[in-house]
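Inspection log for the structure reproduced underneath, given as structure tokens.
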Amino acid sequence: MDFLSLFVIVPAVAALVLVLVPERQKALVSAIPALAAATCLAMAIWLMKGAMTGGEEWLATLTPPRIPWVESLGITWSVGCDGISAAMVLLTSIVLFAGSLVSIYAPSTHTGIGDRPKTFFLLFLALVTGVYGVFLVRDLFFFYFSYELAVVPMYLLIGVWGSKDREYAAMKLTLYLTAGAMVALAGILFLYFRTWEVLGQATFHMDDVLAASKLPAFNAPMHGVDFQNTTFALLFLGFAAIVPMWPFHTWSPIGHAAAPAAGSMMHAGVLMKLGAYAILRIAFPSCPSGAAHWLPWVAIISMANIVYGGYVAMAQRDMKFVIGFSSSSHMGYTLLGLASASVMGVTGAVFLMFAHGVMTALAFALIGFFYDQTHNRHIPDLGGLSHQLPFIGTCFALMAMASAGVPGFANFASEFMVMLGAWQAGFKWQAVIAVFGVVISAVYLLRAVRDAFFGPRNPRWDKIHDAHGLQKLPYVFLLAVLLVFGCYPKPITDVIEAGVKPIVEAVQATTEFKGNYADRIEIAEGKR
Amino acid sequence: MPEVTTAHYVVLSAVIFAVGLFGVVTRKNAVIILMSLELMLNGANLAFVAFSRHHGNLQGQVFTFFVIAVAAAEAAVALAILIALFRLKGSVTLDDVTELRG
Amino acid sequence: MDRAPLLAYVTLFAPLAATVVITLFTLKHKALSGFLALAGIVTGLVCTILLATDVFAGTKFPPHEIDWLSVGGITLKFGVMVDSLSVLMSLVVTGVGSCIFLYSTGYMKGDEGYSRYFACLSLFAFSMLGIVFSTNFVQTFIFWELVGVSSYSLIGFYFAKPSAVDAGKKAFLTNRIGDFGMTCGILLLFFTLAEHGISTSLSFAELAPIFHDAAKHGLDPYSGTLALAAFLIFTGAMAKSAQVPLHVWLPDAMEGPTPVSALMHAATMVAAGVYLVARTYFLFFNYHDALEVIAGLGAVTALLAACMAFVQNDVKKVLAYSTLSQLGYMTLSLGLFGPGAAMFHLTTHAAFKALLFLGAGSVIHGCHHEQDMRHMGGLRKLMPVTAWTFIIGSAALAGIFPLAGFWSKDAILTTALHESRVLFGVGLVVAFMTACYMGRAYLMTFEGEYRGHAKVHESPATMTIPLVVLAGLSIVAGFFSLPIGFLGREHPGALDHMIVGPGGPAWFPGILEDHFNLMVAAGGTLAAVLGIIVAWRFYGSRAWSIESFTATIGPIHRWVVNKFYFDEVYLWIVREIQQRVADVCAWFEKNVLVQGVVKGLSDFTRWLGYLVRLMLDGHLHRYVTMALFGIVAILAYLGMRN
């Protein structure tokens with residue numbers, strides 16, 4: 001079995017083993033997912049280390065031959081990894097590892113998991129299997145399959161183990177994401193049948209789709225409309241629901257708020273990144289001219305994400321909603337980075353997906369920690385928690401700093417890259433507004449920190465305990481990741497850049513791009 | 001005396017089928033509906049056998065056996081349900097059984 | 001690596017190492033934490049002195065840089081720049097910093113968050129040193145923000161006190177507004193240069209020659225875009241160096257422990273803005289419009305802050321407004337082609353302002369956390385060391401010959417006279433006011449009868465030794481401007497000359513060097529002496545009544561007491577604009593998007609369901625009939641098709 005497929009197999013096998021373990025074997029039930037998580041993390045670190053030293057060539061050597069599955073339809077099991085995938089796999093492994101630790105070392109029995117940890121971990125591992133699948137498979141059929149596999153367990157995770165409004169949240173999330181997936185599926189099928197037409201053979205493999213998209217016949221109008229523009233729009237809209245792009249974001253804050261801690265971590269940390277990843281992996285390369293056609297509009301919509309999301313976060317009183325809306329605000333930067341269609345901006349967007357994933361996982365882990373004991377997330381009811389929770393309070397303040405784009409954390413480097421990329425692409429005003437968004441984020445985050453953690457000691461919370469011993473591990477781990485990649489981003493950005501470059505250059509080569517990004521071309525050629 | 005052709009059988013089978021269908025649609029009593037269903041099935045059976053003879057192969061007859069077997073199973077299950085229903089409601093009139101509305 | 005960059009890296013990272021070690025390992029061992037922090041900053045001081053012996057002797061070092069980020073043809077770098085300007089500033093930071101760290105070990109004794117305090121303090125020093133040694137705009141910006149963060153953690157150190165937390169937040173957010181401008185400025189500068197085909201990593205060493213010869217590189221020396229970029233970068237300096245209207249955070253920042261105020265006001269943070277402008281003077285020099293605005297802002301800040309210093313009763317607040325006013329002075333000098341004079345004043349100011357703050361801290365410590373001067377008085381006899389060092393500090397600030405402040409103030413006034421008579425006048429008035437309010441503060445605190453109730457005691461040696469050291473520096477720091485030997489070597493000229501002289505970091509053709517002017521010196525001294533006399537008449541001999549004076553200037557007094565209503569305006573913006581926008585967005589989210597669009601869609605779906613449901617009433621006959629019609633319809637359709 002090849003190395004890359006192992007990422008999918010390890011959690012899947014762990015889930016199968018978990019089925020056989022009796023529920024009452026509590027230690028074993030938590031040990032199996034933790035072990036799987038540690039294995040995945042070790043493999044992901046090895047993968048990233050190899051990518052940092054060996055570059056794209058080394059990653060290419062990992063690609064195994066295709067294994068046919070349904071030959072008549074052209075479905076194969078084929079995996080592959082480039083710099084973007086490597087970064088996302090590392091993110092998934094980090095969040096998975098921290099998430100399973102948080103679930104195991106929670107102050108009470110299990111953070112909101114109650115008395116059914118086995119089923120919880122089973123679904124959790126299924127979800128992770130799907131996530132790894134999305135990031136690694138190179139076959140559109142299995143891509144879509146993994147995508148749904150990643151999305152659907154969230155319904156049960158929230159619906160069964162969630163907190164307030166969980167049924168509503170679970171239903172809303174699932175409906176939004178599956179509806180988005182349906183739209184995207186239409187786009188995928190468009191690609192599939194057009195590739196079939198052009199190549200004369202059925203294939204779901206992305207490389208074949210890309211090869212076909214280079215042929216002129218691929219772009220023939222479809223029922224009188226531009227093929228690429230239509231397909232890109234379908235793929236983009238479908239996947240943008242999970243990004244989440246304004247105004248399709250309303251599922252996300254309530255989804256985060258209702259999910260259990262490990263669920264929110266996985267969800268906000270990794271699941272939301274599937275959308276942007278899918279856009280970059282499928283929509284960009286297969287429809288480069290469609291991308292150049294629509295992206296300037298995305299740059300405008302991303303402003304709504306950044307500014308509107310920030311202001312809504314400012315008005316929230318529930319801690320998870322603050323972080324939830326801030327996520328939608330931060331993902332606006334990712335959209336802006338994608339829309340810039342420049343190497344700098346897109347690399348920044350991918351790096352931001354990584355940084356935001358780790359940061360937001362940390363945020364939900366911390367909120368989970370105190371919510372587990374206070375059963376209260378209403379910010380005005382909290383206050384002075386740093387007296388009882390000095391460690392958690394410090395971590396939360398650092399998390400807020402990271403989220404507010406303070407240098408030293410990976411979030412700053414990535415957001416700065418997005419701003420550079422946006423300006424480079426000629427989106428000057430969007431870049432300025434994005435810079436302003438950082439000011440807004442500082443306002444609501446510092447306010448949340450002040451109201452929840454600082455101020456006089458509140459005797460109501462005297463009974464709660466701070467993290468001690470091994471409980472601190474996941475928080476320190478996540479903070480360390482943010483700091484390491486934030487203080488010296490070059491190694492990881494080099495890896496991401498190598499993956500981004502061919503995709504972006506394909507977009508930049510289109511005639512549509514020359515028309516839509518004229519400003520930028522002139523700058524590059526020194527005409528102005 | 002004219003020969004009995006395939007057409008005669010088909011017409012007869014259609015008549016039987018129609019009678020069964022009429023029964024299914026109009027009758028209220030579940031037992032009678034079941035009997036009507038059997039009539040419909042047998043109408044179909046007749047057609048199968050007739051065509052089997054017409055084409056000179058056995059495929060139609062094989063189908064008939066399947067249909068008879070399925071019909072027997074169906075009757076067993078349906079009658080069991082009816083008995084349970086009768087115990088519950090004290091009647092087998094279908095107008096009284098409307099729990100499965102949308 | 002060569003010796004010079006290595007020493008610079010050690011200076012830079014020693015405090016960071018202290019922060020990391022304290023945070024990870026020694027939080028529970030207070031004495032060890034204090035020692036580690038002190039060791040970190042003193043290591044920095046020793047390395048800086050070693051560097052200084054080379055640099056002040058005239059040795060030049062190229063900047064040492066590594067790639068920090070390199071994507072899509074744009075490279076951002078990280079490194080250290082060792083030249084006279086950075087070494088001078090590093091001397092200030094580590095020198096004054098060492099005194100303050102030592103003082104803190106005494107001042108903070110017994111505090112619950114002792115280790116946390118030293119971790120944050122070391123981080124603060126690290127951030128500031130990062131700005132000092134920075135080689136390019138992006139690195140400067142990174143440490144710029146870090147200074148904001150560490151000041152947030154120190155101003156809000158007493159996190160149980162809501163006012164302290166709010167002050168920290170205010171400082172951070174005000175600085176964020178400045179940083180907003182600075183980021184935009186950096187982006188604008190970067191891409192304006194890119195448009196002219198100049199691709200750089202925004203390194204100072206690369207940019208300076210380009211701007212010296214702007215026309216040759218195709219840059220319009222009077223281009224509005226570049227002037228705007230320069231001004232936007234200056235807004236970052238405005239926030240850090242607390243220039244009107246971004247000065248509001250500085251007085252509130254007094255909520256932090258007193259040594260933090262000393263560090264912030266003397267060596268770090270507020271000095272950063274002035275340093276940045278001096279460091280990037282090549283950017284400003286060509287753009288006289290931007291410089292005029294800067295000079296104007298400096299003059300306004302100096303005047304307003306000096307006015308506000310008069311009406312404060314909290315001894316730390318007087319010093320805070322005095323810092324504001326002195327920063328205005330430095331900015332004024334920057335705007336008038338005098339970066340050398342500004343840096344000189346920054347250096348001397350660091351010595352005596354640190355001294356004054358630590359003296360104030362000593363008084364507060366001695367009076368058991370009493371900060372109100374109305375409850376002090378007569379402390380000279382009870383705290384002699386503190387009192388005498390405070391006198392030296394005040395006199396230096398007032399600009400009395402031959403103390404440090406005299407020389408640097410004189411340098412600024414000379415610069416001002418050269419460029420603008422009006423601003424020279426403002427400078428003289430501010431000099432008068434400075435002497436006057438410092439006289440008031442001294443007289444209210446140390447002379448007359450003791451008006452408090454607590455039992456006063458002199459501070460321990462860990463606190464008085466730094467006072468004496470800083471007092472010594474406040475006396476001698478000014479002599480470095482004289483063209484005499486320094487550190488036993490042949491000196492090429494005054495301090496000023498090293499920075500703005502030919503080949504110096506802020507050199508520009510036609511830049512002003514400070515030349516001693518007897519008339520200016522006499523005028524400045526006269527203003528200072530007048531100020532002291534006026535203060536004596538009001539607060540010493542009580543010959544003039546302060547009450548009748550305030551009554552005479554009624555409305556002006558009210559404006560000054562209310563700090564010219566800056567806070568009110570900001571509060572109004574925050575409450576009435578920012579919060580309203582947030583509320584409107586939240587309302588839109590809740591009522592339009594969620595309740596309107598989303599719930600509307602779901603209601604529509606449900607209604608559709610009800611409609612379909614009407615057909616399914618549970619009657620088997622109807623289902624069969626419908627199926628029958630369905631079959632007939634399908635058959636009919638198929639029949640018609642064929």
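In the structure tokens, chains take the letters A, B, ... in the order shown, each chain's residues start at 1, and ligands count up from 1 in the order shown.
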- Query: Which chain B residues are at most 10 Å from chain C (counting only C-alpha atoms), as an NGL selection string?
  - Reply: :B and (21 or 24-28 or 94-102)
- Message: I'd like the neighbourhood of Ala431 in chain C as a ChimeraX atom specification, where a residue qualifies if any of its atoms comes within 12 Å (using only C-alpha atoms), though same-chain residues fewer than 3 positions away should be ignored.
- Response: /C:299,302-303,306-307,322,325-326,328-329,395-400,405-406,408-410,412-413,424-428,434-438,520-521,523-532
Would you save the residues from that selection as a compact mmCIF listing (two decimals), in the first residue's frame, using C-alpha atoms?
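This is the output file result-v3.txt:
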# COMPACT_ATOMS: atom_id res chain seq x y z
CA ALA C 299 4.09 71.85 17.58
CA ALA C 302 3.92 70.04 22.35
CA LEU C 303 1.64 72.97 23.19
CA ALA C 306 2.16 71.19 28.06
CA CYS C 307 -1.17 72.90 28.84
CA SER C 322 5.33 66.11 29.81
CA SER C 325 4.97 67.53 25.04
CA GLN C 326 8.60 66.50 24.63
CA GLY C 328 5.93 66.93 20.17
CA TYR C 329 9.25 68.73 20.42
CA ALA C 395 16.16 70.64 35.91
CA ALA C 396 17.39 68.57 33.00
CA LEU C 397 13.89 68.44 31.55
CA ALA C 398 13.50 72.17 32.05
CA GLY C 399 16.75 72.67 30.15
CA ILE C 400 19.02 74.23 32.76
CA GLY C 405 18.17 68.72 28.48
CA PHE C 406 19.80 72.06 27.89
CA SER C 408 19.29 68.83 23.25
CA LYS C 409 16.56 71.43 23.64
CA ASP C 410 18.99 73.96 22.33
CA ILE C 412 15.97 71.63 18.53
CA LEU C 413 15.46 75.35 19.02
CA PHE C 424 10.78 78.68 17.14
CA GLY C 425 8.39 80.83 19.16
CA VAL C 426 6.27 77.79 19.95
CA GLY C 427 9.44 76.01 21.07
CA LEU C 428 10.30 78.84 23.45
CA THR C 434 7.93 72.81 30.75
CA ALA C 435 10.02 74.50 33.38
CA CYS C 436 6.88 75.87 34.97
CA TYR C 437 4.89 72.63 35.31
CA MET C 438 7.93 70.67 36.40
CA VAL C 520 19.24 80.55 21.14
CA ALA C 521 20.90 79.11 24.23
CA GLY C 523 16.71 82.55 24.98
CA GLY C 524 16.00 78.94 25.98
CA THR C 525 17.63 79.36 29.36
CA LEU C 526 15.75 82.60 29.97
CA ALA C 527 12.45 80.85 29.19
CA ALA C 528 13.30 78.02 31.57
CA VAL C 529 14.32 80.31 34.39
CA LEU C 530 11.20 82.40 33.90
CA GLY C 531 9.15 79.23 34.10
CA ILE C 532 10.76 78.23 37.37
- With distances taken over only C-alpha atoms, the candidate from B:Thr5, B:Ala44, B:Ala50, B:Glu38 nearest Ala78 in chain B is B:Glu38
- Message: Using Å and a single decimal, report how far CA of Leu232 in chain C sits from CA of Thr493 in chain A.
- Response: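 Taking CA of Thr493 in chain A and CA of Leu232 in chain C, their separation equals 28.6 Å.
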- Query: Mind pulling up the distance from CA of Gly377 in chain C to CA of Ala454 in chain C?
  - Reply: 12.3 Å
